[in-house]
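Peer 1: This is target_32.tsv, which holds TSV, C-alpha atoms:
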chain	number	residue	atom	x	y	z
A	1	MET	CA	-1.92	36.54	20.38
A	2	LYS	CA	-4.56	34.67	22.35
A	3	ALA	CA	-4.48	30.89	21.91
A	4	GLN	CA	-7.44	29.18	20.27
A	5	THR	CA	-9.00	26.49	22.47
A	6	LEU	CA	-10.44	23.34	20.91
A	7	ASP	CA	-11.63	19.90	21.88
A	8	VAL	CA	-9.73	18.14	19.08
A	9	LEU	CA	-6.76	19.13	16.92
A	10	ILE	CA	-6.10	16.75	14.03
A	11	VAL	CA	-2.83	17.06	12.12
A	12	GLY	CA	-3.28	15.66	8.61
A	13	ALA	CA	-6.19	16.12	6.19
A	14	GLY	CA	-5.88	12.73	4.54
A	15	ALA	CA	-8.33	9.83	4.59
A	16	ALA	CA	-7.87	8.98	8.28
A	17	GLY	CA	-7.74	12.55	9.52
A	18	MET	CA	-10.89	13.64	7.71
A	19	MET	CA	-12.77	10.51	8.81
A	20	CYS	CA	-11.80	11.14	12.43
A	21	ALA	CA	-12.83	14.80	12.16
A	22	ILE	CA	-16.28	13.90	10.83
A	23	GLU	CA	-16.97	11.47	13.65
A	24	ALA	CA	-15.68	13.78	16.39
A	25	GLY	CA	-17.61	16.73	14.93
A	26	ARG	CA	-20.82	14.71	14.84
A	27	ARG	CA	-20.38	14.14	18.58
A	28	GLY	CA	-20.45	17.88	19.12
A	29	ARG	CA	-16.72	18.30	19.61
A	30	THR	CA	-14.99	21.46	18.37
A	31	VAL	CA	-12.55	20.13	15.76
A	32	ARG	CA	-9.84	21.70	13.64
A	33	VAL	CA	-7.90	19.84	10.96
A	34	LEU	CA	-4.50	21.12	9.80
A	35	ASP	CA	-2.53	20.21	6.71
A	36	HIS	CA	0.49	21.85	5.10
A	37	ALA	CA	-0.82	20.90	1.64
A	38	ARG	CA	-2.91	23.26	-0.46
A	39	ALA	CA	-5.73	20.72	-0.85
A	40	PRO	CA	-7.11	17.91	1.33
A	41	GLY	CA	-6.88	14.22	0.46
A	42	GLU	CA	-4.07	14.38	-2.08
A	43	LYS	CA	-3.36	10.64	-1.83
A	44	ILE	CA	-7.04	9.98	-2.37
A	45	ARG	CA	-7.00	12.17	-5.48
A	46	ILE	CA	-4.16	10.29	-7.21
A	47	SER	CA	-5.12	6.77	-6.10
A	48	GLY	CA	-6.46	4.15	-8.44
A	49	GLY	CA	-5.47	6.10	-11.53
A	50	GLY	CA	-7.64	8.99	-10.35
A	51	ARG	CA	-10.65	6.79	-9.55
A	52	CYS	CA	-9.70	5.89	-5.95
A	53	ASN	CA	-9.58	2.23	-4.94
A	54	PHE	CA	-11.46	3.25	-1.79
A	55	THR	CA	-11.83	-0.17	-0.13
A	56	ASN	CA	-11.70	-3.92	-0.67
A	57	LEU	CA	-14.64	-6.25	-0.08
A	58	GLY	CA	-12.31	-8.90	1.34
A	59	THR	CA	-10.65	-6.72	3.97
A	60	GLY	CA	-9.56	-8.57	7.11
A	61	PRO	CA	-6.61	-8.75	9.53
A	62	ALA	CA	-4.81	-11.22	7.23
A	63	ASN	CA	-4.31	-8.40	4.70
A	64	PHE	CA	-2.10	-6.33	7.02
A	65	LEU	CA	1.52	-6.29	8.15
A	66	GLY	CA	3.20	-4.90	11.25
A	67	GLU	CA	4.64	-6.05	14.55
A	68	ASN	CA	1.11	-7.11	15.47
A	69	PRO	CA	-1.08	-7.43	12.36
A	70	ARG	CA	-4.02	-8.45	14.58
A	71	PHE	CA	-4.01	-4.96	16.11
A	72	ALA	CA	-6.24	-3.79	13.25
A	73	THR	CA	-8.97	-6.35	13.99
A	74	SER	CA	-11.12	-4.28	16.37
A	75	ALA	CA	-11.32	-1.13	14.24
A	76	LEU	CA	-11.88	-3.11	11.03
A	77	LYS	CA	-14.78	-5.01	12.60
A	78	ARG	CA	-16.41	-1.98	14.19
A	79	PHE	CA	-16.28	0.09	11.00
A	80	SER	CA	-15.99	-2.33	8.11
A	81	GLN	CA	-15.63	-2.03	4.36
A	82	HIS	CA	-19.41	-2.50	4.11
A	83	ASP	CA	-19.98	0.46	6.42
A	84	PHE	CA	-17.86	2.68	4.20
A	85	VAL	CA	-19.59	1.44	1.04
A	86	ARG	CA	-22.92	2.46	2.58
A	87	ARG	CA	-21.56	5.98	3.05
A	88	VAL	CA	-20.42	6.07	-0.55
A	89	ASP	CA	-23.86	4.90	-1.65
A	90	ARG	CA	-25.61	7.54	0.48
A	91	ALA	CA	-23.42	10.19	-1.16
A	92	GLY	CA	-24.66	9.03	-4.56
A	93	ILE	CA	-21.21	8.00	-5.75
A	94	ALA	CA	-21.33	5.29	-8.41
A	95	TRP	CA	-18.69	2.58	-8.09
A	96	HIS	CA	-17.62	-0.72	-9.57
A	97	GLU	CA	-15.72	-3.80	-8.48
A	98	LYS	CA	-12.55	-4.82	-10.27
A	99	THR	CA	-10.56	-7.97	-9.60
A	100	LEU	CA	-9.94	-9.34	-6.11
A	101	GLY	CA	-12.66	-7.30	-4.39
A	102	GLN	CA	-11.22	-3.89	-5.26
A	103	LEU	CA	-13.81	-1.08	-5.40
A	104	PHE	CA	-13.30	2.05	-7.53
A	105	CYS	CA	-15.33	5.17	-8.28
A	106	ASP	CA	-16.97	5.07	-11.70
A	107	ASP	CA	-16.09	8.72	-12.16
A	108	SER	CA	-13.42	10.46	-10.08
A	109	ALA	CA	-11.55	10.13	-6.79
A	110	LYS	CA	-12.49	13.76	-6.19
A	111	GLN	CA	-16.01	12.52	-5.38
A	112	ILE	CA	-14.66	10.76	-2.28
A	113	ILE	CA	-12.79	13.90	-1.22
A	114	ARG	CA	-15.93	15.99	-1.77
A	115	MET	CA	-17.99	13.55	0.31
A	116	LEU	CA	-15.52	13.86	3.19
A	117	THR	CA	-15.16	17.64	3.05
A	118	ASP	CA	-18.94	18.06	2.81
A	119	ASP	CA	-19.41	15.81	5.85
A	120	MET	CA	-16.76	17.77	7.76
A	121	ARG	CA	-18.47	21.05	6.96
A	122	VAL	CA	-21.86	19.77	8.11
A	123	ALA	CA	-20.23	18.46	11.30
A	124	GLY	CA	-18.78	21.92	11.99
A	125	VAL	CA	-15.15	20.96	11.44
A	126	VAL	CA	-12.68	23.76	10.61
A	127	LEU	CA	-10.18	22.81	7.87
A	128	SER	CA	-6.95	24.84	7.75
A	129	LEU	CA	-4.80	24.17	4.67
A	130	GLY	CA	-1.31	25.48	4.01
A	131	THR	CA	-0.74	25.34	7.76
A	132	SER	CA	1.82	23.22	9.60
A	133	VAL	CA	2.75	22.59	13.22
A	134	GLU	CA	6.02	24.22	14.20
A	135	ARG	CA	6.04	22.90	17.77
A	136	VAL	CA	3.73	20.70	19.81
A	137	GLY	CA	3.82	19.56	23.41
A	138	ARG	CA	1.87	18.91	26.59
A	139	ASP	CA	-0.15	21.71	28.15
A	140	GLY	CA	-1.54	20.49	31.45
A	141	GLU	CA	-3.95	17.68	30.62
A	142	GLY	CA	-4.11	18.73	26.98
A	143	PHE	CA	-1.79	19.89	24.21
A	144	GLU	CA	-0.42	23.13	22.83
A	145	ALA	CA	0.63	23.57	19.21
A	146	ALA	CA	2.44	26.53	17.68
A	147	LEU	CA	1.43	26.86	14.04
A	148	SER	CA	3.26	28.16	10.97
A	149	ASP	CA	0.92	31.16	10.74
A	150	GLY	CA	2.16	32.35	14.14
A	151	SER	CA	-0.96	31.31	16.05
A	152	VAL	CA	-1.21	28.93	18.99
A	153	VAL	CA	-3.83	26.22	19.50
A	154	ARG	CA	-4.68	24.40	22.71
A	155	ALA	CA	-6.67	21.17	22.52
A	156	ARG	CA	-7.82	18.43	24.86
A	157	SER	CA	-7.09	15.79	22.22
A	158	LEU	CA	-4.35	15.62	19.60
A	159	VAL	CA	-4.62	13.24	16.63
A	160	LEU	CA	-1.55	12.30	14.57
A	161	ALA	CA	-2.85	11.60	11.06
A	162	THR	CA	-0.05	12.77	8.74
A	163	GLY	CA	0.76	9.32	7.34
A	164	GLY	CA	4.26	8.11	6.52
A	165	LYS	CA	7.16	9.05	4.26
A	166	SER	CA	5.86	7.69	0.96
A	167	ILE	CA	5.62	10.05	-2.05
A	168	PRO	CA	7.59	13.01	-0.63
A	169	LYS	CA	6.83	15.14	-3.73
A	170	MET	CA	3.28	15.33	-2.34
A	171	GLY	CA	4.60	16.67	0.94
A	172	ALA	CA	4.92	13.39	2.86
A	173	THR	CA	7.34	13.55	5.79
A	174	GLY	CA	8.15	11.66	8.97
A	175	TRP	CA	6.48	14.37	11.09
A	176	ALA	CA	4.13	11.97	12.90
A	177	TYR	CA	7.07	9.78	13.92
A	178	ASP	CA	9.03	12.73	15.28
A	179	ALA	CA	5.99	14.01	17.17
A	180	ALA	CA	5.32	10.56	18.63
A	181	ARG	CA	8.92	10.22	19.80
A	182	GLY	CA	8.59	13.62	21.43
A	183	PHE	CA	5.78	12.19	23.54
A	184	GLY	CA	7.85	9.11	24.42
A	185	LEU	CA	6.29	6.65	21.97
A	186	ARG	CA	8.34	4.02	20.18
A	187	VAL	CA	8.54	4.00	16.38
A	188	THR	CA	9.34	0.76	14.56
A	189	GLU	CA	11.73	0.57	11.62
A	190	THR	CA	10.19	2.20	8.57
A	191	ARG	CA	10.82	1.49	4.90
A	192	PRO	CA	9.08	1.87	1.53
A	193	ALA	CA	6.30	-0.64	0.79
A	194	LEU	CA	4.12	-1.40	-2.24
A	195	VAL	CA	7.04	-0.25	-4.36
A	196	PRO	CA	8.78	-1.43	-7.59
A	197	LEU	CA	11.99	-3.45	-7.14
A	198	THR	CA	15.26	-2.64	-8.90
A	199	PHE	CA	18.14	-4.69	-10.39
A	200	GLU	CA	21.88	-4.17	-10.69
A	201	ALA	CA	23.28	-2.73	-13.92
A	202	GLY	CA	24.46	-6.02	-15.43
A	203	LEU	CA	21.10	-7.74	-15.06
A	204	LEU	CA	19.29	-4.63	-16.26
A	205	GLU	CA	21.35	-4.64	-19.45
A	206	GLN	CA	20.47	-8.29	-19.96
A	207	LEU	CA	16.76	-7.68	-19.42
A	208	LYS	CA	16.64	-4.34	-21.26
A	209	PRO	CA	14.69	-5.75	-24.26
A	210	LEU	CA	11.89	-6.80	-21.89
A	211	ALA	CA	10.98	-3.29	-20.68
A	212	GLY	CA	7.21	-2.95	-21.11
A	213	VAL	CA	6.50	-6.69	-21.20
A	214	ALA	CA	3.75	-7.75	-18.78
A	215	VAL	CA	2.76	-11.23	-17.62
A	216	ASP	CA	0.43	-12.72	-15.07
A	217	ALA	CA	2.76	-14.14	-12.45
A	218	VAL	CA	3.03	-15.72	-9.02
A	219	VAL	CA	5.73	-14.02	-6.97
A	220	SER	CA	7.12	-15.02	-3.58
A	221	VAL	CA	10.18	-14.36	-1.44
A	222	ALA	CA	12.68	-17.11	-2.17
A	223	SER	CA	14.25	-17.43	1.29
A	224	SER	CA	12.83	-19.80	3.85
A	225	SER	CA	10.54	-18.30	6.47
A	226	PRO	CA	7.89	-19.48	8.94
A	227	LYS	CA	4.80	-20.87	7.28
A	228	GLY	CA	2.34	-18.11	6.44
A	229	ASP	CA	4.83	-15.33	7.12
A	230	ARG	CA	5.45	-14.46	3.48
A	231	PRO	CA	2.61	-15.29	1.10
A	232	SER	CA	2.76	-15.57	-2.66
A	233	PHE	CA	0.85	-13.12	-4.84
A	234	LYS	CA	-0.74	-14.00	-8.18
A	235	GLU	CA	-1.22	-10.80	-10.14
A	236	ALA	CA	0.25	-8.93	-13.09
A	237	MET	CA	4.01	-8.28	-13.26
A	238	LEU	CA	5.74	-5.71	-15.47
A	239	PHE	CA	9.37	-5.54	-16.63
A	240	THR	CA	10.65	-1.95	-16.43
A	241	HIS	CA	13.87	-0.13	-17.32
A	242	ARG	CA	14.77	-0.26	-13.60
A	243	GLY	CA	13.64	-3.78	-12.71
A	244	LEU	CA	10.18	-5.15	-11.95
A	245	SER	CA	6.85	-3.55	-11.14
A	246	GLY	CA	3.15	-4.37	-11.40
A	247	PRO	CA	0.72	-5.46	-8.65
A	248	ALA	CA	2.45	-8.78	-7.88
A	249	ILE	CA	5.79	-7.05	-7.33
A	250	LEU	CA	4.30	-4.20	-5.29
A	251	GLN	CA	2.64	-6.78	-3.06
A	252	ILE	CA	5.77	-8.85	-2.47
A	253	SER	CA	7.88	-5.73	-1.87
A	254	SER	CA	6.24	-5.38	1.55
A	255	TYR	CA	7.68	-8.77	2.53
A	256	TRP	CA	11.01	-8.59	0.68
A	257	ARG	CA	14.19	-7.54	2.51
A	258	GLU	CA	17.43	-6.30	0.99
A	259	GLY	CA	19.75	-9.22	0.23
A	260	GLU	CA	16.91	-11.66	-0.40
A	261	ALA	CA	15.87	-13.18	-3.71
A	262	ILE	CA	12.38	-13.51	-5.11
A	263	THR	CA	10.99	-16.44	-7.07
A	264	VAL	CA	8.70	-15.79	-10.01
A	265	ALA	CA	6.41	-18.11	-11.97
A	266	MET	CA	5.74	-16.37	-15.28
A	267	ALA	CA	3.30	-18.98	-16.62
A	268	PRO	CA	1.54	-20.08	-13.43
A	269	GLY	CA	-0.57	-23.18	-13.82
A	270	GLU	CA	1.23	-24.18	-17.02
A	271	ASP	CA	3.41	-27.30	-17.26
A	272	VAL	CA	5.98	-25.70	-19.54
A	273	TYR	CA	8.01	-28.88	-19.90
A	274	ALA	CA	4.96	-30.91	-20.96
A	275	ARG	CA	3.88	-28.29	-23.49
A	276	LEU	CA	7.35	-28.02	-25.04
A	277	LYS	CA	7.65	-31.82	-25.11
A	278	ALA	CA	4.31	-32.08	-26.90
A	279	ALA	CA	5.33	-29.34	-29.36
A	280	LYS	CA	8.56	-31.20	-30.06
A	281	GLU	CA	6.70	-34.40	-30.84
A	282	GLU	CA	4.22	-32.56	-33.04
A	283	ASN	CA	6.71	-30.42	-34.95
A	284	GLY	CA	10.36	-30.96	-34.11
A	285	LYS	CA	11.42	-28.43	-36.78
A	286	GLN	CA	9.90	-25.56	-34.82
A	287	MET	CA	12.43	-23.23	-33.19
A	288	VAL	CA	12.60	-23.51	-29.42
A	289	HIS	CA	11.97	-19.80	-28.79
A	290	THR	CA	8.96	-19.93	-31.12
A	291	ALA	CA	7.42	-22.80	-29.18
A	292	LEU	CA	8.12	-21.08	-25.88
A	293	GLY	CA	6.57	-17.92	-27.34
A	294	HIS	CA	3.22	-19.72	-27.40
A	295	ILE	CA	3.40	-19.98	-23.60
A	296	VAL	CA	4.89	-16.61	-22.61
A	297	PRO	CA	5.22	-13.34	-24.57
A	298	ARG	CA	7.55	-13.64	-27.55
A	299	ARG	CA	10.16	-11.18	-26.27
A	300	LEU	CA	10.26	-12.98	-22.95
A	301	ALA	CA	10.63	-16.35	-24.67
A	302	GLU	CA	13.56	-15.04	-26.72
A	303	SER	CA	15.21	-13.56	-23.64
A	304	ILE	CA	14.86	-16.78	-21.64
A	305	CYS	CA	16.31	-18.89	-24.43
A	306	GLU	CA	19.24	-16.50	-24.81
A	307	ARG	CA	19.88	-16.43	-21.06
A	308	GLU	CA	19.77	-20.24	-20.87
A	309	GLY	CA	21.93	-20.65	-23.97
A	310	VAL	CA	19.25	-22.61	-25.81
A	311	LYS	CA	19.22	-22.29	-29.61
A	312	GLY	CA	17.97	-24.18	-32.61
A	313	LYS	CA	15.01	-26.45	-33.23
A	314	LEU	CA	13.01	-28.46	-30.72
A	315	ALA	CA	14.25	-31.70	-32.27
A	316	GLU	CA	17.81	-30.67	-31.38
A	317	VAL	CA	17.27	-30.27	-27.63
A	318	GLY	CA	16.81	-32.97	-25.01
A	319	ASP	CA	14.45	-33.33	-22.08
A	320	LYS	CA	17.04	-31.93	-19.67
A	321	THR	CA	17.09	-28.66	-21.62
A	322	LEU	CA	13.30	-28.50	-21.77
A	323	ARG	CA	13.14	-28.93	-18.00
A	324	ARG	CA	15.69	-26.15	-17.61
A	325	LEU	CA	13.45	-23.88	-19.66
A	326	ASP	CA	10.51	-24.91	-17.50
A	327	ALA	CA	12.42	-23.81	-14.40
A	328	ALA	CA	13.52	-20.57	-16.08
A	329	VAL	CA	9.86	-19.72	-16.71
A	330	ASN	CA	8.18	-20.90	-13.53
A	331	ALA	CA	10.97	-20.91	-10.95
A	332	TRP	CA	12.96	-17.84	-11.98
A	333	THR	CA	14.90	-16.76	-8.92
A	334	VAL	CA	16.39	-13.28	-9.02
A	335	LYS	CA	17.88	-10.98	-6.38
A	336	PRO	CA	16.78	-7.32	-6.52
A	337	VAL	CA	19.34	-4.82	-5.24
A	338	GLY	CA	16.75	-2.44	-3.84
A	339	SER	CA	13.51	-0.63	-4.47
A	340	GLU	CA	12.56	2.69	-6.04
A	341	GLY	CA	12.19	4.05	-2.51
A	342	TYR	CA	9.72	6.45	-0.95
A	343	ARG	CA	9.59	8.39	-4.23
A	344	THR	CA	7.18	5.86	-5.74
A	345	ALA	CA	6.17	3.76	-2.72
A	346	GLU	CA	2.42	3.77	-2.18
A	347	VAL	CA	2.76	3.38	1.60
A	348	THR	CA	5.30	3.23	4.40
A	349	LEU	CA	5.86	-0.06	6.21
A	350	GLY	CA	6.31	0.33	9.97
A	351	GLY	CA	5.45	3.36	12.08
A	352	ILE	CA	4.32	4.22	15.58
A	353	ALA	CA	4.37	0.97	17.57
A	354	THR	CA	0.91	-0.49	18.13
A	355	ASP	CA	1.79	-2.03	21.50
A	356	GLN	CA	1.61	1.53	22.82
A	357	LEU	CA	-1.85	2.16	21.38
A	358	ASP	CA	-5.28	0.97	22.47
A	359	GLN	CA	-6.70	-1.06	19.60
A	360	GLN	CA	-10.29	0.01	20.21
A	361	THR	CA	-9.72	3.76	20.45
A	362	MET	CA	-6.27	4.32	18.83
A	363	ARG	CA	-5.35	6.28	21.99
A	364	ALA	CA	-1.76	6.24	23.26
A	365	LYS	CA	-1.84	4.22	26.48
A	366	GLU	CA	0.67	6.37	28.34
A	367	VAL	CA	-0.27	9.78	26.88
A	368	PRO	CA	-3.92	10.60	27.64
A	369	GLY	CA	-5.58	12.49	24.81
A	370	LEU	CA	-3.05	11.51	22.12
A	371	TYR	CA	-4.30	9.41	19.18
A	372	VAL	CA	-2.51	7.80	16.22
A	373	ILE	CA	-4.47	6.81	13.13
A	374	GLY	CA	-3.98	5.67	9.53
A	375	GLU	CA	-0.58	5.11	7.97
A	376	ALA	CA	1.23	6.81	10.87
A	377	ALA	CA	0.64	3.66	12.94
A	378	ASP	CA	2.55	0.43	12.35
A	379	VAL	CA	-0.28	-1.08	10.29
A	380	THR	CA	0.32	-1.58	6.57
A	381	GLY	CA	-2.15	-3.15	4.18
A	382	TRP	CA	-1.79	-5.04	0.94
A	383	LEU	CA	-2.31	-3.34	-2.40
A	384	GLY	CA	-5.95	-3.09	-3.42
A	385	GLY	CA	-7.89	-0.72	-1.16
A	386	TYR	CA	-6.81	-2.19	2.18
A	387	ASN	CA	-4.84	0.85	3.33
A	388	PHE	CA	-7.76	3.15	2.66
A	389	GLN	CA	-10.03	0.88	4.67
A	390	TRP	CA	-7.56	1.02	7.55
A	391	ALA	CA	-7.68	4.81	7.32
A	392	TRP	CA	-11.49	4.83	7.43
A	393	SER	CA	-11.66	2.29	10.27
A	394	SER	CA	-8.92	3.76	12.47
A	395	GLY	CA	-10.16	7.31	11.90
A	396	TRP	CA	-13.70	6.25	12.78
A	397	ALA	CA	-12.54	4.47	15.94
A	398	ALA	CA	-10.61	7.48	17.23
A	399	GLY	CA	-13.46	9.81	16.25
A	400	GLN	CA	-15.83	8.03	18.63
A	401	VAL	CA	-13.81	9.00	21.71
A	402	CYS	CA	-11.36	11.85	21.01
How does this structure look as structure tokens?
Peer 2:
Amino acid sequence: MKAQTLDVLIVGAGAAGMMCAIEAGRRGRTVRVLDHARAPGEKIRISGGGRCNFTNLGTGPANFLGENPRFATSALKRFSQHDFVRRVDRAGIAWHEKTLGQLFCDDSAKQIIRMLTDDMRVAGVVLSLGTSVERVGRDGEGFEAALSDGSVVRARSLVLATGGKSIPKMGATGWAYDAARGFGLRVTETRPALVPLTFEAGLLEQLKPLAGVAVDAVVSVASSSPKGDRPSFKEAMLFTHRGLSGPAILQISSYWREGEAITVAMAPGEDVYARLKAAKEENGKQMVHTALGHIVPRRLAESICEREGVKGKLAEVGDKTLRRLDAAVNAWTVKPVGSEGYRTAEVTLGGIATDQLDQQTMRAKEVPGLYVIGEAADVTGWLGGYNFQWAWSSGWAAGQVC
């Protein structure tokens, strides 16, 4: 069978891969995008509860992790969140802003996928679904890929855009990492990120009555670290039958390491001691858990009092006990035993090392014609649209030159 010859072969029809294909196609390049999935943009489709949190108005380098978080600066500046919003507007997609600068489609995430596939079609891009790469390597100054359908493709440029290991039930694998290693690139340690945290059986049994209880919380990693290395996150937190979830927990999971504890304030901004002291003076006959239940959800108040061994009426407890309850609410330190893993992780932390990539073009410095974009690179964003913006920006940057 005669090999097909292309300018650009992109492996991965996700956000980054499709963005790169559009830009390269608009430059007149012959582009083919492969994906082993049956439909493009599956992560886009399920994101944001089906409405796609497609970017964040506050996106900047400070919202990213990796060996060199500043690596993302160039691409993010050259194709910003505002640039992508203009594309969404031109496509006639209605959107709205939620908290913390997060932008969502008014209707469906499928509108974003349709915008991308329409733009690819107009740009002359060929999309091949249900097709994977069986083998890939150098072919002179370009690349040769043997595909699962038995065909062979030769291309001047090869773009790795298959993402990371998160959500394997959707077909996620470590293919990009293996391919990169095959070309001599270094891959940093990878692990699940933006993922719920889990507790050991004894603590779970103790906290079992709290499953389903949600609070606004401030969560941070308890261990000492360099200033600015591990920020705190103030967002919703949810008790689950496995441990803790919710936006605040997903955020801190990217900074948490196994063996470390986290510290949680479950009534941030409230002086719990002062409020309980005032309640005691006003009505000492009130039960302690009842008074605490005016500050945090009732079930949580009951659980905290039980865990701290505090019973009876406010008049029967001293200031030392009230301060202990204050700490139990706003300085609760707990050690997760792990996370729910790649099964539920929204992204993969780590990836193909950025010191081997050019930050303006996403090209591998030592492998001419090879590009790494999106989640496959060691650039991981916070929860809230940041990872999609990295996909748009990195895909755009590579698409200008590949």
Peer 1: Need to verify the contact set: stretch 281-296 of chain A, 7 Å, only C-alpha atoms, exclusion of same-chain residues closer than 5 positions in sequence. Can you return it as number ranges by chain?
Peer 2: A: 267, 276, 301-302, 305, 311-315
Peer 1: Given all atoms listed in the file, how would the per-residue table for stretch 355-402 of chain A near stretch 49-62 of chain A read, listing every residue at most 9 Å away with its closest atom pair and distance in Å to one decimal, sorted by chain and number, as CSV?
Peer 2:
residue,atom,partner,partner_atom,distance
A:Gly381,CA,A:Pro61,CA,8.9
A:Gly384,CA,A:Asn56,CA,6.4
A:Gly385,CA,A:Thr55,CA,4.1
A:Tyr386,CA,A:Thr55,CA,5.9
A:Asn387,CA,A:Thr55,CA,7.9
A:Phe388,CA,A:Phe54,CA,5.8
A:Gln389,CA,A:Thr55,CA,5.2
A:Trp390,CA,A:Thr55,CA,8.9
Peer 1: Atom CA of A:Ile113 and atom CA of A:Pro168 are how many Å apart?
Peer 2: 20.4 Å
Peer 1: Just the residues within 6 Å of A:Phe239, please, counting all atoms listed in the file, with nothing from its chain fewer than 4 positions along; format it as a list in words.
Peer 2: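 Surrounding residues, per the criterion: Leu210, Ala211, Gly212, Val213 and Leu244 of chain A.
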Peer 1: Could you tell me how far atom CA of A:His82 sits from atom CA of A:Val11, in Å to one decimal place?
Peer 2: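 For atom CA of A:Val11 relative to atom CA of A:His82, the distance reads 26.9 Å.
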Peer 1: Under the rule that all atoms listed in the file are counted, which of A:Arg86, A:Arg38, A:Lys110, A:Arg186 is the nearest residue to A:Gly350?
Peer 2: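 Closest to A:Gly350, using all atoms listed in the file: A:Arg186.
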Peer 1: In Å to one decimal, how far is atom CA of A:Val329 from atom CA of A:Leu383?
Peer 2: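 That distance, rounded to one decimal, is 24.9 Å.
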Peer 1: A:Glu144, A:Glu258, A:Asp106, A:Asp378: which is nearest A:Thr188, counting only C-alpha atoms?
Peer 2: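 Smallest distance to A:Thr188 is found for A:Asp378.
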Peer 1: Looking at A:Thr321, A:Thr348, A:Gln359, A:Thr333, which one is nearest to A:Ala193, with distances taken over all atoms listed in the file?
Peer 2: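 Answer, going by the shortest atom-to-atom distance: A:Thr348.
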Peer 1: If you count all atoms listed in the file, which residues fall within 12 Å of A:Glu189, apart from same-chain ones fewer than 5 positions away, as a compact mmCIF listing (two decimals) with C-alpha atoms, in the frame of the given file?
Peer 2:
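Below you can see selection-v2.txt, which holds the result:
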# COMPACT_ATOMS: atom_id res chain seq x y z
CA GLY A 66 3.20 -4.90 11.25
CA GLU A 67 4.64 -6.05 14.55
CA GLY A 164 4.26 8.11 6.52
CA GLY A 174 8.15 11.66 8.97
CA TYR A 177 7.07 9.78 13.92
CA THR A 348 5.30 3.23 4.40
CA LEU A 349 5.86 -0.06 6.21
CA GLY A 350 6.31 0.33 9.97
CA GLY A 351 5.45 3.36 12.08
CA ILE A 352 4.32 4.22 15.58
CA ALA A 353 4.37 0.97 17.57
CA ALA A 377 0.64 3.66 12.94
CA ASP A 378 2.55 0.43 12.35
Peer 1: As JSON, numbers by chain, please: the residues near A:Arg154 (cut-off 8 Å, only C-alpha atoms, same-chain neighbours under 6 positions excluded).
Peer 2: {"A": [3, 4, 5, 6, 139, 142, 143, 144, 145]}
Peer 1: Which polymer residues, whether protein, DNA or RNA, lie within 9 Å of the coordinate (0.8, -4.9, -5.4) when you count only C-alpha atoms? List them as a list in words, using the chain letters and numbers from the file.
Peer 2: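 Residues with an atom close enough to that point: Leu194, Val195, Pro196, Phe233, Glu235, Ala236, Ser245, Gly246, Pro247, Ala248, Ile249, Leu250, Gln251, Ile252, Ser253, Ser254, Trp382, Leu383 and Gly384 of chain A.
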Peer 1: Restricting the calculation to all atoms listed in the file: of A:Arg26, A:Arg181, A:Lys43, A:Arg299, which residue gets closest to A:Thr162?
Peer 2: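 Looking at the shortest contact to A:Thr162, the residue is A:Lys43.
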Peer 1: Skipping near chain neighbours, those fewer than 6 positions away, what residues fall within 6 Å of A:Gly12 using all atoms listed in the file, listed as a list in words?
Peer 2: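 Result of the neighbour search: Leu34, Asp35, Ala161 and Thr162 of chain A.
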Peer 1: For a quick check of understanding, using only C-alpha atoms, which of A:Leu185, A:Gly163, A:Met266, A:Ser132 has the smallest distance to A:Arg363?
Peer 2: A:Leu185
Peer 1: Given all atoms listed in the file as the basis, pick out the residue of A:Leu238, A:Val31, A:Cys105, A:Val187 nearest to A:Pro297.
Peer 2: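 Under the stated criterion, the closest residue is A:Leu238.
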